[in-house]
>>> print(open('query-v9.csv').read())   # CSV, C-alpha atoms
chain,number,residue,atom,x,y,z
A,1,MET,CA,26.2,20.1,-21.6
A,2,ALA,CA,23.2,22.1,-20.1
A,3,MET,CA,20.8,19.5,-21.5
A,4,LEU,CA,22.8,16.7,-19.8
A,5,ALA,CA,22.8,18.6,-16.4
A,6,LEU,CA,19.0,19.2,-16.8
A,7,ALA,CA,18.5,15.4,-17.5
A,8,GLY,CA,20.6,14.6,-14.4
A,9,MET,CA,18.5,16.9,-12.2
A,10,THR,CA,15.3,15.4,-13.6
A,11,ARG,CA,16.6,11.9,-12.6
A,12,LEU,CA,17.5,13.2,-9.2
A,13,ALA,CA,14.1,14.8,-8.7
A,14,ALA,CA,12.4,11.5,-9.9
A,15,ALA,CA,14.6,9.5,-7.4
A,16,ALA,CA,13.7,11.9,-4.6
A,17,PHE,CA,10.0,11.6,-5.5
A,18,ASP,CA,10.3,7.8,-5.5
A,19,ASP,CA,12.1,7.8,-2.2
A,20,ALA,CA,9.5,10.1,-0.6
A,21,LEU,CA,6.6,7.9,-1.8
A,22,ILE,CA,8.2,4.7,-0.5
A,23,ALA,CA,9.0,6.4,2.8
A,24,GLN,CA,5.4,7.5,3.1
A,25,GLU,CA,4.3,3.9,2.5
A,26,ARG,CA,6.8,2.6,5.1
A,27,SER,CA,5.4,5.1,7.6
A,28,ALA,CA,1.8,3.9,7.0
A,29,LEU,CA,3.0,0.2,7.3
A,30,ASP,CA,4.8,1.1,10.6
A,31,ARG,CA,1.5,2.5,12.0
A,32,TRP,CA,-0.5,-0.4,10.6
A,33,GLY,CA,1.8,-2.8,12.4
A,34,LYS,CA,1.0,-1.1,15.7
A,35,GLY,CA,-2.8,-1.4,15.0
A,36,ASP,CA,-3.2,2.1,13.6
A,37,PRO,CA,-4.8,2.3,10.2
A,38,GLY,CA,-4.7,6.1,10.3
A,39,GLY,CA,-1.5,6.2,8.3
A,40,TYR,CA,-3.4,4.8,5.3
A,41,LEU,CA,-6.5,6.7,5.9
A,42,SER,CA,-4.6,10.0,5.9
A,43,MET,CA,-3.1,9.1,2.4
A,44,TYR,CA,-6.4,8.1,0.9
A,45,ASP,CA,-8.2,10.4,-1.5
A,46,PRO,CA,-11.9,10.8,-0.7
A,47,GLY,CA,-12.8,8.7,-3.8
A,48,ILE,CA,-10.4,5.9,-2.9
A,49,THR,CA,-11.1,2.4,-4.3
A,50,TYR,CA,-9.8,-0.7,-2.5
A,51,PHE,CA,-9.5,-4.4,-2.9
A,52,ASP,CA,-8.0,-7.1,-0.6
A,53,PRO,CA,-8.6,-10.9,-0.3
A,54,ALA,CA,-10.8,-10.5,2.8
A,55,ARG,CA,-13.4,-8.5,0.8
A,56,GLU,CA,-15.8,-9.9,-1.7
A,57,THR,CA,-16.3,-6.6,-3.4
A,58,ARG,CA,-14.4,-3.3,-3.9
A,59,ALA,CA,-14.7,-0.7,-1.2
A,60,ASP,CA,-15.6,2.7,-2.6
A,61,GLY,CA,-14.7,6.0,-0.8
A,62,LEU,CA,-13.0,7.1,2.3
A,63,PRO,CA,-16.1,6.6,4.6
A,64,ALA,CA,-16.2,2.9,3.4
A,65,MET,CA,-12.6,2.5,4.4
A,66,GLU,CA,-13.1,4.1,7.8
A,67,VAL,CA,-15.9,1.6,8.4
A,68,TYR,CA,-13.8,-1.3,7.1
A,69,TYR,CA,-10.8,-0.5,9.3
A,70,ALA,CA,-12.7,0.4,12.5
A,71,PRO,CA,-13.1,-3.2,13.8
A,72,ILE,CA,-9.4,-4.1,13.3
A,73,ALA,CA,-8.0,-0.9,14.7
A,74,GLY,CA,-5.8,-1.7,17.7
A,75,LYS,CA,-5.9,-5.5,17.0
A,76,ILE,CA,-3.1,-5.8,14.4
A,77,LYS,CA,0.4,-6.6,15.6
A,78,VAL,CA,3.1,-6.8,13.0
A,79,VAL,CA,6.5,-7.6,14.6
A,80,LYS,CA,8.5,-6.9,11.4
A,81,TYR,CA,8.0,-6.7,7.7
A,82,GLU,CA,10.1,-6.7,4.6
A,83,MET,CA,9.2,-4.5,1.7
A,84,ILE,CA,10.6,-6.2,-1.4
A,85,ALA,CA,11.5,-4.4,-4.6
A,86,PRO,CA,9.4,-1.3,-4.3
A,87,LYS,CA,9.0,0.4,-7.7
A,88,VAL,CA,7.5,3.7,-8.5
A,89,GLN,CA,6.3,4.5,-12.1
A,90,ARG,CA,5.1,8.0,-12.7
A,91,ARG,CA,3.4,9.5,-15.7
A,92,GLY,CA,2.3,13.2,-15.4
A,93,GLY,CA,-0.1,13.5,-12.5
A,94,MET,CA,-0.3,9.8,-11.8
A,95,ALA,CA,2.1,7.4,-10.0
A,96,VAL,CA,2.0,3.7,-9.3
A,97,LEU,CA,3.9,2.1,-6.4
A,98,SER,CA,4.1,-1.7,-6.4
A,99,TYR,CA,6.0,-4.0,-4.1
A,100,GLN,CA,5.8,-7.3,-2.3
A,101,LEU,CA,5.4,-7.4,1.5
A,102,ILE,CA,6.3,-10.1,3.9
A,103,SER,CA,4.6,-9.4,7.2
A,104,HIS,CA,5.6,-11.3,10.4
A,105,GLY,CA,3.0,-10.8,13.1
A,106,VAL,CA,1.5,-12.3,16.3
A,107,LEU,CA,-2.1,-13.4,16.7
A,108,ALA,CA,-4.1,-12.4,19.8
A,109,SER,CA,-3.4,-16.0,21.0
A,110,GLY,CA,0.3,-15.3,20.9
A,111,LYS,CA,0.9,-17.6,17.9
A,112,PRO,CA,3.2,-16.1,15.2
A,113,TYR,CA,2.2,-15.9,11.6
A,114,THR,CA,3.6,-14.8,8.3
A,115,VAL,CA,1.6,-13.3,5.4
A,116,ARG,CA,3.1,-12.7,1.9
A,117,TRP,CA,1.4,-9.9,-0.1
A,118,ASN,CA,1.5,-8.2,-3.5
A,119,SER,CA,0.6,-4.5,-3.2
A,120,THR,CA,-0.2,-2.0,-5.9
A,121,LYS,CA,-1.0,1.7,-5.1
A,122,VAL,CA,-2.2,4.3,-7.6
A,123,TYR,CA,-1.6,7.9,-6.7
A,124,ALA,CA,-2.9,11.1,-8.3
A,125,ARG,CA,-1.6,14.6,-7.8
A,126,SER,CA,-4.0,16.8,-5.9
A,127,GLY,CA,-2.6,20.3,-5.9
A,128,LYS,CA,0.9,20.0,-4.3
A,129,ASN,CA,0.0,16.6,-2.6
A,130,TRP,CA,-0.2,13.1,-3.9
A,131,LYS,CA,-3.2,11.0,-2.7
A,132,LEU,CA,-3.9,7.3,-3.0
A,133,ILE,CA,-6.9,6.8,-5.4
A,134,HIS,CA,-6.6,3.0,-5.6
A,135,ASP,CA,-5.1,0.4,-3.2
A,136,HIS,CA,-5.0,-3.3,-4.1
A,137,TRP,CA,-3.6,-6.2,-2.0
A,138,SER,CA,-3.4,-9.8,-3.0
A,139,TYR,CA,-1.6,-12.9,-1.7
A,140,ILE,CA,1.6,-14.0,-3.3
A,141,LYS,CA,0.9,-17.5,-4.7
A,142,PRO,CA,-2.6,-17.8,-3.1
A,143,GLU,CA,-3.8,-21.2,-2.2
A,144,LEU,CA,-6.2,-22.1,-5.1
A,145,LYS,CA,-9.1,-24.3,-4.5
A,146,THR,CA,-9.8,-27.1,-7.0
A,147,PRO,CA,-13.4,-26.9,-8.2
A,148,SER,CA,-15.5,-29.8,-7.3
A,149,PRO,CA,-16.8,-32.0,-10.2
A,150,GLU,CA,-20.4,-31.4,-10.9
>>> encode(input="query-v9.csv", output="structure tokens")
Amino acid sequence: MAMLALAGMTRLAAAAFDDALIAQERSALDRWGKGDPGGYLSMYDPGITYFDPARETRADGLPAMEVYYAPIAGKIKVVKYEMIAPKVQRRGGMAVLSYQLISHGVLASGKPYTVRWNSTKVYARSGKNWKLIHDHWSYIKPELKTPSPE
């Protein structure tokens, strides 16, 4: 019976951890939607690596991310978003959060837009905290270009 109670507590602790990680991500998304990349910057480990479709190469390190985000700070406006099927997988001192995101925003011209994303985040324990060590964004069903015949 004690073993069953311990297993239940472990599941409760895991669920609380998952909920906290997802809430942290939602908080960063909320700030991002108001043009503030600081939510993500505060979660990044100094050695963060980062991919997204707007980059040709991986960004390495927090200073690179600060430079990358600087030109877009204050310019992003997400009216609402849907975080679909967030899932946390944890093994020891590592955790992966993956989900799909549908962002509904407004361009500077006032024209509405929708972007559909896949997101994968890799966290590592750093003392009592968890920091993002890798952040990857890709489009859901990207528009693939047909190679031209040579």
>>> closest_atom_pairs(input="query-v9.csv", of="region 16-64 of chain A", to="region 124-132 of chain A", cutoff="6 Å", atoms="all atoms listed in the file", output="CSV")
residue,atom,partner,partner_atom,distance
A:Met43,CA,A:Lys131,CA,5.4
A:Tyr44,CA,A:Leu132,CA,4.7
A:Asp45,CA,A:Lys131,CA,5.2
>>> closest_residue(input="query-v9.csv", among="A:Pro63, A:Gly105, A:Gly39, A:Pro46", to="Glu82 (chain A)", atoms="only C-alpha atoms")
A:Gly105
>>> closest_atom_pairs(input="query-v9.csv", of="region 39-105 of chain A", to="region 133-138 of chain A", cutoff="6 Å", atoms="all atoms listed in the file", output="Markdown table")
| residue | atom | partner | partner_atom | distance |
| --- | --- | --- | --- | --- |
| A:Asp45 | CA | A:Ile133 | CA | 5.5 |
| A:Ile48 | CA | A:Ile133 | CA | 4.4 |
| A:Thr49 | CA | A:His134 | CA | 4.7 |
| A:Tyr50 | CA | A:Asp135 | CA | 4.9 |
| A:Phe51 | CA | A:His136 | CA | 4.8 |
| A:Asp52 | CA | A:Trp137 | CA | 4.7 |
| A:Pro53 | CA | A:Ser138 | CA | 6.0 |
>>> residues_around(input="query-v9.csv", residues="region 94-102 of chain A", least_positions_apart="4", cutoff="12 Å", atoms="only C-alpha atoms", output="PyMOL selection string")
chain A and resi 14+17-26+29+78-90+113-126+129-141
>>> closest_residue(input="query-v9.csv", among="A:Thr146, A:Thr10, A:Pro112, A:Pro37", to="Val67 (chain A)", atoms="only C-alpha atoms")
A:Pro37
>>> atom_distance(input="query-v9.csv", atom1="CA of Gly92 (chain A)", atom2="CA of Asp30 (chain A)")
28.8 Å
>>> atom_distance(input="query-v9.csv", atom1="CA of Leu107 (chain A)", atom2="CA of Lys75 (chain A)")
8.8 Å
>>> closest_residue(input="query-v9.csv", among="A:Ala73, A:Ala16, A:Tyr68, A:Ser109", to="Ala54 (chain A)", atoms="all atoms listed in the file")
A:Tyr68
>>> atom_distance(input="query-v9.csv", atom1="CA of Arg31 (chain A)", atom2="CA of Lys77 (chain A)")
9.8 Å
